[in-house]
Amino acid sequence: MTDQTDDIQAVEKLGQARDAIVTELRKTIVGMDDVIDEMMIAIFARGHCLLVGVPGLAKTLLVSSLAQTMSLSFKRIQFTPDLMPSDITGTELLQEDPTTHERRFKFQKGPVFTNLLLADEINRTPPKTQAALLEAMQEKRVSSGGEEFVLDKPFFVLATQNPIEQEGTYPLPEAQLDRFLFNVMVKYPSRDEELDIMRSVTSDDEPVLNEVVDGPTIEEFQHVVRRIPVADHVFEYAAALVRATRPDEPDAPEFVKKLMSWGAGPRASLNLILAGKARAALRGRCHVSVEDIRELCLPVLRHRVIPSFAARSEGMTTDDLIEKLVAEIPSDEKLLARKTG
């Protein structure tokens with residue numbers, strides 16, 4: 001009972017920390033409410049984000065500001081066609097001991113050894129270099145010279161892609177895209193937001209961001225998020241959504257069999273539940289609702305399903321298909337009634 005009370009208090013503190021972080025970010029960031037929300041969900045769910053948006057939307061400023069308010073070390077890598085894996089993970093350097101004059105190789109850590117890493121335009125670099133980063137994301141460590149070096153904790157990667165300029169790029173394969181918890185769409189600001197941006201950026205003000213949480217506190221909150229209970233009907237709903245994306249499933253809707261070439265794997269189900277836990281906790285709740293799962297379907301699924309040629313010829317996007325799926329799959333009471341009826 002004491003542990004449960006402690007978790008309730010921790011969830012309340014997390015909700016308060018979220019509000020404080022958003023307040024600090026508002027000093028430098030205008031709008032982008034959904035993007036901020038999804039990035040924070042990913043961080044407290046121990047996931048990575050892929051940010052898709054055109055240049056000039058303040059993605060780098062958002063990430064660096066978030067790192068500052070969370071007291072995290074921050075590094076940025078500009079991905080280019082000539083970037084090598086060692087430019088990310090680190091390299092062996094020959095060094096001489098000033099006392100013994102003995103020469104030996106010493107591992108020089110690369111920029112991946114940080115808390116928050118911005119991988120800018122990740123699709124601009126060849127697959128070998130992409131794989132080096134994605135392996136570090138998955139394993140949370142780097143191997144060199146027969147030794148393993150553990151990455152800093154907590155560790156998050158926020159990678160960006162430009163959706164309009166694809167010439168000379170190396171698109172991430174589906175198996176590598178699957179390692180990102182979210183695919184976040186960064187959209188243009190509204191008219192009022194753009195006017196606010198113009199006023200604030202062109203002024204002489206230098207906003208000072210205060211630290212709200214630190215690394216150890218974030219790790220504690222991550223453990224609290226994992227302990228949040230999930231009701232059976234929420235598990236059922238998440239599984240039904242993900243399984244319905246697979247065209248070869250007997251119970252898949254007819255439009256899925258026609259308009260989807262490939263569906264999401266089991267990692268999508270896991271990520272829906274984990275992200276749902278984080279979303280609930282950030283809102284001060286100790287339970288995951290069907291609404292949490294429904295609201296997270298787009299960022300979790302949009303990079304895990306592949307539209308068919310028929311869908312593309314009809315002008316339907318991945319988001320269109322997911323929204324149609326969410327509208328068609330029954331939730332909570334209806335789902336339970338169907339299961340037990």
# chains A, B, ... in the order shown; residues from 1 in each chain; ligands from 1

$ residues_around --residues "range 104-111 of chain A" --least-positions-apart "3" --cutoff "7 Å" --atoms "only C-alpha atoms" --output "ChimeraX atom specification"
/A:75,87-96,114

$ write_last_selection --atoms "N, CA and C atoms" --output "mmCIF file, in the first residue's frame"
data_model
loop_
_atom_site.group_PDB
_atom_site.id
_atom_site.type_symbol
_atom_site.label_atom_id
_atom_site.label_comp_id
_atom_site.auth_asym_id
_atom_site.auth_seq_id
_atom_site.Cartn_x
_atom_site.Cartn_y
_atom_site.Cartn_z
ATOM 1 N N LYS A 75 24.048 17.277 -27.590
ATOM 2 C CA LYS A 75 24.957 17.369 -28.735
ATOM 3 C C LYS A 75 24.155 17.221 -30.021
ATOM 4 N N ASP A 87 32.599 8.922 -36.654
ATOM 5 C CA ASP A 87 32.271 10.312 -36.348
ATOM 6 C C ASP A 87 31.124 10.413 -35.349
ATOM 7 N N ILE A 88 30.388 9.320 -35.194
ATOM 8 C CA ILE A 88 29.257 9.288 -34.264
ATOM 9 C C ILE A 88 29.636 8.581 -32.971
ATOM 10 N N THR A 89 30.195 7.381 -33.110
ATOM 11 C CA THR A 89 30.447 6.547 -31.930
ATOM 12 C C THR A 89 31.774 6.871 -31.251
ATOM 13 N N GLY A 90 32.775 7.286 -32.024
ATOM 14 C CA GLY A 90 34.106 7.539 -31.479
ATOM 15 C C GLY A 90 35.149 6.729 -32.224
ATOM 16 N N THR A 91 36.417 6.963 -31.886
ATOM 17 C CA THR A 91 37.492 6.291 -32.611
ATOM 18 C C THR A 91 38.668 5.999 -31.683
ATOM 19 N N GLU A 92 39.530 5.071 -32.106
ATOM 20 C CA GLU A 92 40.739 4.725 -31.352
ATOM 21 C C GLU A 92 41.873 5.666 -31.770
ATOM 22 N N LEU A 93 42.469 6.333 -30.784
ATOM 23 C CA LEU A 93 43.587 7.243 -31.055
ATOM 24 C C LEU A 93 44.860 6.711 -30.393
ATOM 25 N N LEU A 94 45.963 6.796 -31.107
ATOM 26 C CA LEU A 94 47.253 6.362 -30.563
ATOM 27 C C LEU A 94 47.814 7.476 -29.678
ATOM 28 N N GLN A 95 48.015 7.155 -28.402
ATOM 29 C CA GLN A 95 48.519 8.147 -27.449
ATOM 30 C C GLN A 95 49.759 7.616 -26.746
ATOM 31 N N GLU A 96 50.633 8.553 -26.351
ATOM 32 C CA GLU A 96 51.871 8.186 -25.668
ATOM 33 C C GLU A 96 51.810 8.594 -24.200
ATOM 34 N N THR A 114 26.185 11.285 -24.862
ATOM 35 C CA THR A 114 25.493 12.451 -24.316
ATOM 36 C C THR A 114 24.141 11.989 -23.830
#

$ closest_atom_pairs --of "range 13-126 of chain A" --to "range 131-154 of chain A" --cutoff "6 Å" --atoms "only C-alpha atoms" --output "CSV"
residue,atom,partner,partner_atom,distance
A:Pro85,CA,A:Ala132,CA,5.6
A:Phe113,CA,A:Leu151,CA,5.5
A:Thr114,CA,A:Asp152,CA,5.8
A:Asn115,CA,A:Pro154,CA,5.6

$ select_by_dssp --residues "range 99-158 of chain A" --states "alpha helix (DSSP H)" --output "list in words"
Pro127, Lys128, Thr129, Gln130, Ala131, Ala132, Leu133, Leu134, Glu135, Ala136, Met137, Gln138 and Glu139 of chain A

$ residues_around --residues "range 282-295 of chain A" --least-positions-apart "5" --cutoff "10 Å" --atoms "only C-alpha atoms" --output "ChimeraX atom specification"
/A:4,7-19,37,40-41,44,221,224-225,227-231,233-238,241,269,271-277,300,323,326-327,331-332

$ write_last_selection --atoms "C-alpha atoms" --output "PDB file, in the first residue's frame"
ATOM      1  CA  GLN A   4       1.197   2.495  -4.318  1.00  0.00           C
ATOM      2  CA  ASP A   7       3.702   6.043  -6.959  1.00  0.00           C
ATOM      3  CA  ILE A   8       0.591   8.228  -6.789  1.00  0.00           C
ATOM      4  CA  GLN A   9       2.645  11.038  -5.273  1.00  0.00           C
ATOM      5  CA  ALA A  10       5.379  10.528  -7.884  1.00  0.00           C
ATOM      6  CA  VAL A  11       2.817  10.741 -10.708  1.00  0.00           C
ATOM      7  CA  GLU A  12       1.511  13.989  -9.241  1.00  0.00           C
ATOM      8  CA  LYS A  13       5.077  15.344  -9.157  1.00  0.00           C
ATOM      9  CA  LEU A  14       5.603  14.267 -12.756  1.00  0.00           C
ATOM     10  CA  GLY A  15       2.474  16.121 -13.818  1.00  0.00           C
ATOM     11  CA  GLN A  16       3.738  19.223 -12.017  1.00  0.00           C
ATOM     12  CA  ALA A  17       7.178  18.842 -13.630  1.00  0.00           C
ATOM     13  CA  ARG A  18       5.538  18.615 -17.055  1.00  0.00           C
ATOM     14  CA  ASP A  19       3.677  21.887 -16.503  1.00  0.00           C
ATOM     15  CA  ASP A  37       3.826  16.706 -25.717  1.00  0.00           C
ATOM     16  CA  MET A  40       8.106  14.458 -23.487  1.00  0.00           C
ATOM     17  CA  ILE A  41       6.055  11.257 -23.691  1.00  0.00           C
ATOM     18  CA  PHE A  44       9.600   9.381 -20.047  1.00  0.00           C
ATOM     19  CA  PHE A 221      10.025   9.041 -13.269  1.00  0.00           C
ATOM     20  CA  VAL A 224       7.209   5.167 -12.111  1.00  0.00           C
ATOM     21  CA  VAL A 225       5.792   5.237 -15.653  1.00  0.00           C
ATOM     22  CA  ARG A 227       4.672   0.698 -12.892  1.00  0.00           C
ATOM     23  CA  ILE A 228       1.412   2.331 -13.983  1.00  0.00           C
ATOM     24  CA  PRO A 229      -1.271  -0.392 -14.277  1.00  0.00           C
ATOM     25  CA  VAL A 230      -3.133  -1.077 -17.519  1.00  0.00           C
ATOM     26  CA  ALA A 231      -6.615  -2.609 -17.623  1.00  0.00           C
ATOM     27  CA  HIS A 233      -9.628  -3.829 -22.127  1.00  0.00           C
ATOM     28  CA  VAL A 234      -6.864  -1.283 -22.891  1.00  0.00           C
ATOM     29  CA  PHE A 235      -4.474  -4.107 -23.774  1.00  0.00           C
ATOM     30  CA  GLU A 236      -7.226  -5.611 -25.946  1.00  0.00           C
ATOM     31  CA  TYR A 237      -7.842  -2.313 -27.706  1.00  0.00           C
ATOM     32  CA  ALA A 238      -4.146  -1.675 -28.447  1.00  0.00           C
ATOM     33  CA  LEU A 241      -5.623  -1.715 -33.492  1.00  0.00           C
ATOM     34  CA  SER A 269       1.700  -2.825 -29.558  1.00  0.00           C
ATOM     35  CA  ASN A 271       5.048   1.121 -27.787  1.00  0.00           C
ATOM     36  CA  LEU A 272       1.353   2.022 -27.706  1.00  0.00           C
ATOM     37  CA  ILE A 273       1.112   0.727 -24.135  1.00  0.00           C
ATOM     38  CA  LEU A 274       4.387   2.324 -22.968  1.00  0.00           C
ATOM     39  CA  ALA A 275       3.522   5.659 -24.563  1.00  0.00           C
ATOM     40  CA  GLY A 276       0.020   5.414 -23.090  1.00  0.00           C
ATOM     41  CA  LYS A 277       1.508   4.963 -19.624  1.00  0.00           C
ATOM     42  CA  VAL A 300       3.291   5.255 -33.128  1.00  0.00           C
ATOM     43  CA  GLU A 323      -7.463   7.649 -38.796  1.00  0.00           C
ATOM     44  CA  VAL A 326      -9.186   4.173 -35.462  1.00  0.00           C
ATOM     45  CA  ALA A 327     -12.712   5.183 -36.492  1.00  0.00           C
ATOM     46  CA  SER A 331     -13.102   0.459 -28.191  1.00  0.00           C
ATOM     47  CA  ASP A 332     -13.531  -0.441 -24.497  1.00  0.00           C
TER      48      ASP A 332
END

$ closest_residue --among "A:Ala278, A:Ala244, A:Ala268, A:Leu209" --to "Leu321 in chain A" --atoms "only C-alpha atoms"
A:Ala244

$ residues_around --residues "Thr60 in chain A" --least-positions-apart "4" --cutoff "9 Å" --atoms "only C-alpha atoms" --output "list in words"
Ser64, Ser65, Arg76, Leu118 and Asp120 of chain A

$ write_last_selection --atoms "C-alpha atoms" --output "PDB file, in the first residue's frame"
ATOM      1  CA  SER A  64      18.289  22.263 -27.103  1.00  0.00           C
ATOM      2  CA  SER A  65      15.742  24.131 -24.949  1.00  0.00           C
ATOM      3  CA  ARG A  76      24.008  17.803 -32.375  1.00  0.00           C
ATOM      4  CA  LEU A 118      19.971  15.572 -32.149  1.00  0.00           C
ATOM      5  CA  ASP A 120      19.931  16.312 -37.953  1.00  0.00           C
TER       6      ASP A 120
END

$ atom_distance --atom1 "CA of Lys257 in chain A" --atom2 "CA of Ile306 in chain A"
11.7 Å

$ atom_distance --atom1 "CA of Ala45 in chain A" --atom2 "CA of Gly31 in chain A"
23.0 Å

$ atom_distance --atom1 "CA of Glu24 in chain A" --atom2 "CA of Thr69 in chain A"
6.9 Å

$ closest_residue --among "A:Ala311, A:Ile21, A:Leu177, A:Ala159" --to "Ser71 in chain A" --atoms "only C-alpha atoms"
A:Ile21
